[in-house]
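Everything below concerns the one structure shown next.
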Amino acid sequence: MSQRIEKCEAIALKVTEYSNTSQIIQFFSKKFGHVGVIAKGTRNPKNNYYGLLQQLGRYEMVIYKKENTLSLLKEINQIDDYAQISSNYEIAALAHAGAELYLQLIFEEDDYEKFYELLKQFYEFIPSVSKNHILVFWRFVLRVASFLGFSLKFDKCTVCSTKDKETFHGISFIHNGFICANCSRKRLATEHFQINESTRDLLLTLRNLHELESFEIAHQDIQTVNTILKTYLSHHLHKKIHLRSLEVL
């Protein structure tokens, strides 16, 4: 089986124990996108990399790159352990949800770097916010959707183009944004997700992230927006998207 030595920067999305001494890590790398790597002996206390490989950590590594199977770790150095993420329960759950999302996505080779930078920026920014971290996560998910080619629009009814926010009745999965009450009556109920006034106003705030700490968010609205975003992604990706990390919030 052919293999080549490659050096790359990567974020650990998932770390799994393997045998008594080794680990399997699912990385998202700047150069190769998804890379599965087996790290032999890293669970052995005598190994130089013992305790180094942690989920959500960012690393520079050298691997024996293999196609269609696990690559083999040769060398690795930690760039950032994102310790501020693990010190806060809510932030940690949202960071893990970001990793969970990436594990379910398939990326084009030309897009590896921009999706890597997006995830890195998300992990760097979310600990700097003192309140309403969920807004940062939602903004991250919306940027993922935009990069994938189906961005949600919150400035008007995406059917008739009215900008009267008081008429916004739901989120259309077909037209990728708000749909007003008049337009929704002319379409199948399965084509959109009905929302109430508070959820509508919450979605509108996502355009002004610099004000995110000034809002009070009801738990029910959080659950509703989480459902909208998961359903929206599932609709466009043609598969069920799971974000179980959000269930602890």
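Numbering starts fresh at 1 for the residues of each chain in the structure tokens, the chains themselves are lettered A, B, ... in the order given, and ligands are numbered from 1 as they appear.
Near A:Glu113, within a cut-off of 9 Å and counting only C-alpha atoms, sit the residues Ser29, Lys30, Lys31, Phe32, Gly33 and Leu118 of chain A, with same-chain residues fewer than 5 positions away left out.
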Selection from above, N, CA and C atoms, as a compact mmCIF listing (two decimals), in the first residue's frame, can you write it?
```
# COMPACT_ATOMS: atom_id res chain seq x y z
N SER A 29 -7.95 18.77 8.67
CA SER A 29 -6.67 19.43 8.38
C SER A 29 -6.83 20.54 7.35
N LYS A 30 -5.91 21.46 7.42
CA LYS A 30 -5.90 22.61 6.50
C LYS A 30 -5.58 22.17 5.07
N LYS A 31 -4.79 21.13 4.94
CA LYS A 31 -4.29 20.69 3.63
C LYS A 31 -5.09 19.55 3.02
N PHE A 32 -5.56 18.63 3.85
CA PHE A 32 -6.20 17.42 3.34
C PHE A 32 -7.67 17.26 3.73
N GLY A 33 -8.22 18.21 4.49
CA GLY A 33 -9.58 18.03 4.97
C GLY A 33 -9.62 16.93 6.03
N LEU A 118 -12.33 28.68 9.31
CA LEU A 118 -13.61 28.99 9.94
C LEU A 118 -13.74 28.29 11.29
```
Next on the checklist: Need to verify the contact set: stretch 3-18 of chain A, 10 Å, only C-alpha atoms, exclusion of same-chain residues closer than 6 positions in sequence. Can you return it as number ranges by chain?
Outcome noted: A: 24-43, 53-67, 71-81, 95-103, 116, 119-120
Counting only C-alpha atoms, which residues in stretch 116-197 of chain A sit no more than 9 Å from stretch 235-246 of chain A? For each one, give the nearest pair of atoms and the distance in Å, sorted by chain then residue number, as a tab-separated table.
```
residue	atom	partner	partner_atom	distance
A:Phe150	CA	A:His236	CA	7.5
A:Phe173	CA	A:His235	CA	7.1
A:Ile174	CA	A:His235	CA	8.8
```
The selected residues should be written to file as a CSV table (one decimal), in the first residue's frame (atoms: C-alpha atoms).
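Final file, part_27.csv:
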```
chain,number,residue,atom,x,y,z
A,150,PHE,CA,-27.1,27.6,0.7
A,173,PHE,CA,-36.2,25.6,3.5
A,174,ILE,CA,-37.0,25.9,-0.2
```
Next on the checklist: Just want the 10 Å neighbourhood of A:Ile217, counted on only C-alpha atoms, with same-chain residues fewer than 2 positions away dropped. Output as an MDAnalysis selection string.
Outcome noted: chainID A and resid 132 134:135 198:199 202 214:215 219:222
Item to check | Residues of stretch 32-191 of chain A in strand (DSSP E), written as a PyMOL selection string | outcome: chain A and resi 33-39+58-66+71-80+168-172+177-180
Selection near A:Phe140, 8 Å with only C-alpha atoms, sequence-local residues under 3 positions removed, as a PDB file with N, CA and C atoms, in the first residue's frame:
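result_27.pdb, written as the output of this step:
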```
ATOM      1  N   LEU A 118     -12.335  28.682   9.310  1.00  0.00           N
ATOM      2  CA  LEU A 118     -13.615  28.991   9.941  1.00  0.00           C
ATOM      3  C   LEU A 118     -13.736  28.290  11.285  1.00  0.00           C
ATOM      4  N   PHE A 122     -13.757  30.078  15.024  1.00  0.00           N
ATOM      5  CA  PHE A 122     -14.856  29.802  15.960  1.00  0.00           C
ATOM      6  C   PHE A 122     -14.312  29.419  17.327  1.00  0.00           C
ATOM      7  N   VAL A 136     -22.973  32.822  18.961  1.00  0.00           N
ATOM      8  CA  VAL A 136     -21.720  32.622  18.216  1.00  0.00           C
ATOM      9  C   VAL A 136     -21.781  31.300  17.464  1.00  0.00           C
ATOM     10  N   PHE A 137     -22.310  30.276  18.115  1.00  0.00           N
ATOM     11  CA  PHE A 137     -22.440  28.975  17.449  1.00  0.00           C
ATOM     12  C   PHE A 137     -23.391  29.060  16.259  1.00  0.00           C
ATOM     13  N   ARG A 143     -22.491  30.394   8.684  1.00  0.00           N
ATOM     14  CA  ARG A 143     -21.347  30.579   7.785  1.00  0.00           C
ATOM     15  C   ARG A 143     -20.973  29.256   7.116  1.00  0.00           C
ATOM     16  N   VAL A 144     -21.095  28.162   7.840  1.00  0.00           N
ATOM     17  CA  VAL A 144     -20.869  26.845   7.230  1.00  0.00           C
ATOM     18  C   VAL A 144     -21.857  26.645   6.083  1.00  0.00           C
TER      19      VAL A 144
END
```
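Here atom CA of A:Ser184 stands at a distance of 23.0 Å from atom CA of A:Ala145.
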Checklist entry - Could you state the separation of atom CA of A:Ser161 and atom CA of A:Lys186 in Å, given to one decimal place? => result 15.1 Å
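Omitting A:Cys180 and its sequence neighbours fewer than 5 positions away, and counting only C-alpha atoms, the residues within 8 Å are Cys157, Thr162, Thr167, Phe168, His169 and Gly170 of chain A.
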Checklist entry - Taking the backbone alone, and naming residues the way the document does, which bits of stretch 70-208 of chain A are alpha helix (DSSP H) by DSSP, as a PyMOL selection string? => result chain A and resi 83-86+89-103+112-125+133-148+181-184+197-205
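If you look at atom CA of A:Tyr232 and atom CA of A:Phe125, they are 24.5 Å away from each other.
Among the candidates A:Leu206, A:Ala83, A:Leu212, A:Cys183, the residue lying nearest to A:Ser130 is A:Leu212 (atoms considered: only C-alpha atoms).
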I want to know what sits within 12 Å of A:Ile179, based on only C-alpha atoms, with residues of the same chain fewer than 6 positions away left out; could you give that as a CSV table (one decimal) with C-alpha atoms, in the first residue's frame?
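In the end it all went to selection_29.csv:
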```csv
chain,number,residue,atom,x,y,z
A,152,LEU,CA,-30.0,31.7,5.0
A,153,LYS,CA,-31.2,35.3,4.3
A,154,PHE,CA,-32.8,37.3,7.1
A,155,ASP,CA,-33.4,40.7,5.5
A,156,LYS,CA,-36.7,40.1,3.6
A,157,CYS,CA,-39.4,37.5,2.7
A,158,THR,CA,-37.5,35.3,0.2
A,159,VAL,CA,-40.6,34.8,-1.9
A,160,CYS,CA,-42.2,38.3,-2.3
A,161,SER,CA,-39.3,40.4,-1.0
A,162,THR,CA,-41.3,42.3,1.6
A,163,LYS,CA,-39.0,43.7,4.3
A,164,ASP,CA,-41.7,44.2,6.9
A,165,LYS,CA,-40.4,42.0,9.6
A,166,GLU,CA,-43.7,42.0,11.4
A,167,THR,CA,-45.1,39.8,8.6
A,168,PHE,CA,-42.3,37.2,8.8
A,169,HIS,CA,-44.1,34.0,9.7
A,170,GLY,CA,-41.5,31.2,9.2
A,171,ILE,CA,-38.3,30.0,7.7
A,172,SER,CA,-38.6,28.6,4.2
A,173,PHE,CA,-36.2,25.6,3.5
A,185,ARG,CA,-50.5,30.4,3.1
A,186,LYS,CA,-49.9,29.6,-0.6
A,187,ARG,CA,-47.4,26.9,0.1
A,189,ALA,CA,-46.7,23.5,5.4
A,191,GLU,CA,-41.8,23.7,3.0
A,192,HIS,CA,-41.2,26.0,6.0
A,193,PHE,CA,-40.8,26.0,9.7
A,194,GLN,CA,-43.3,28.3,11.5
A,195,ILE,CA,-41.8,30.7,14.1
A,200,ARG,CA,-38.0,35.9,14.6
```
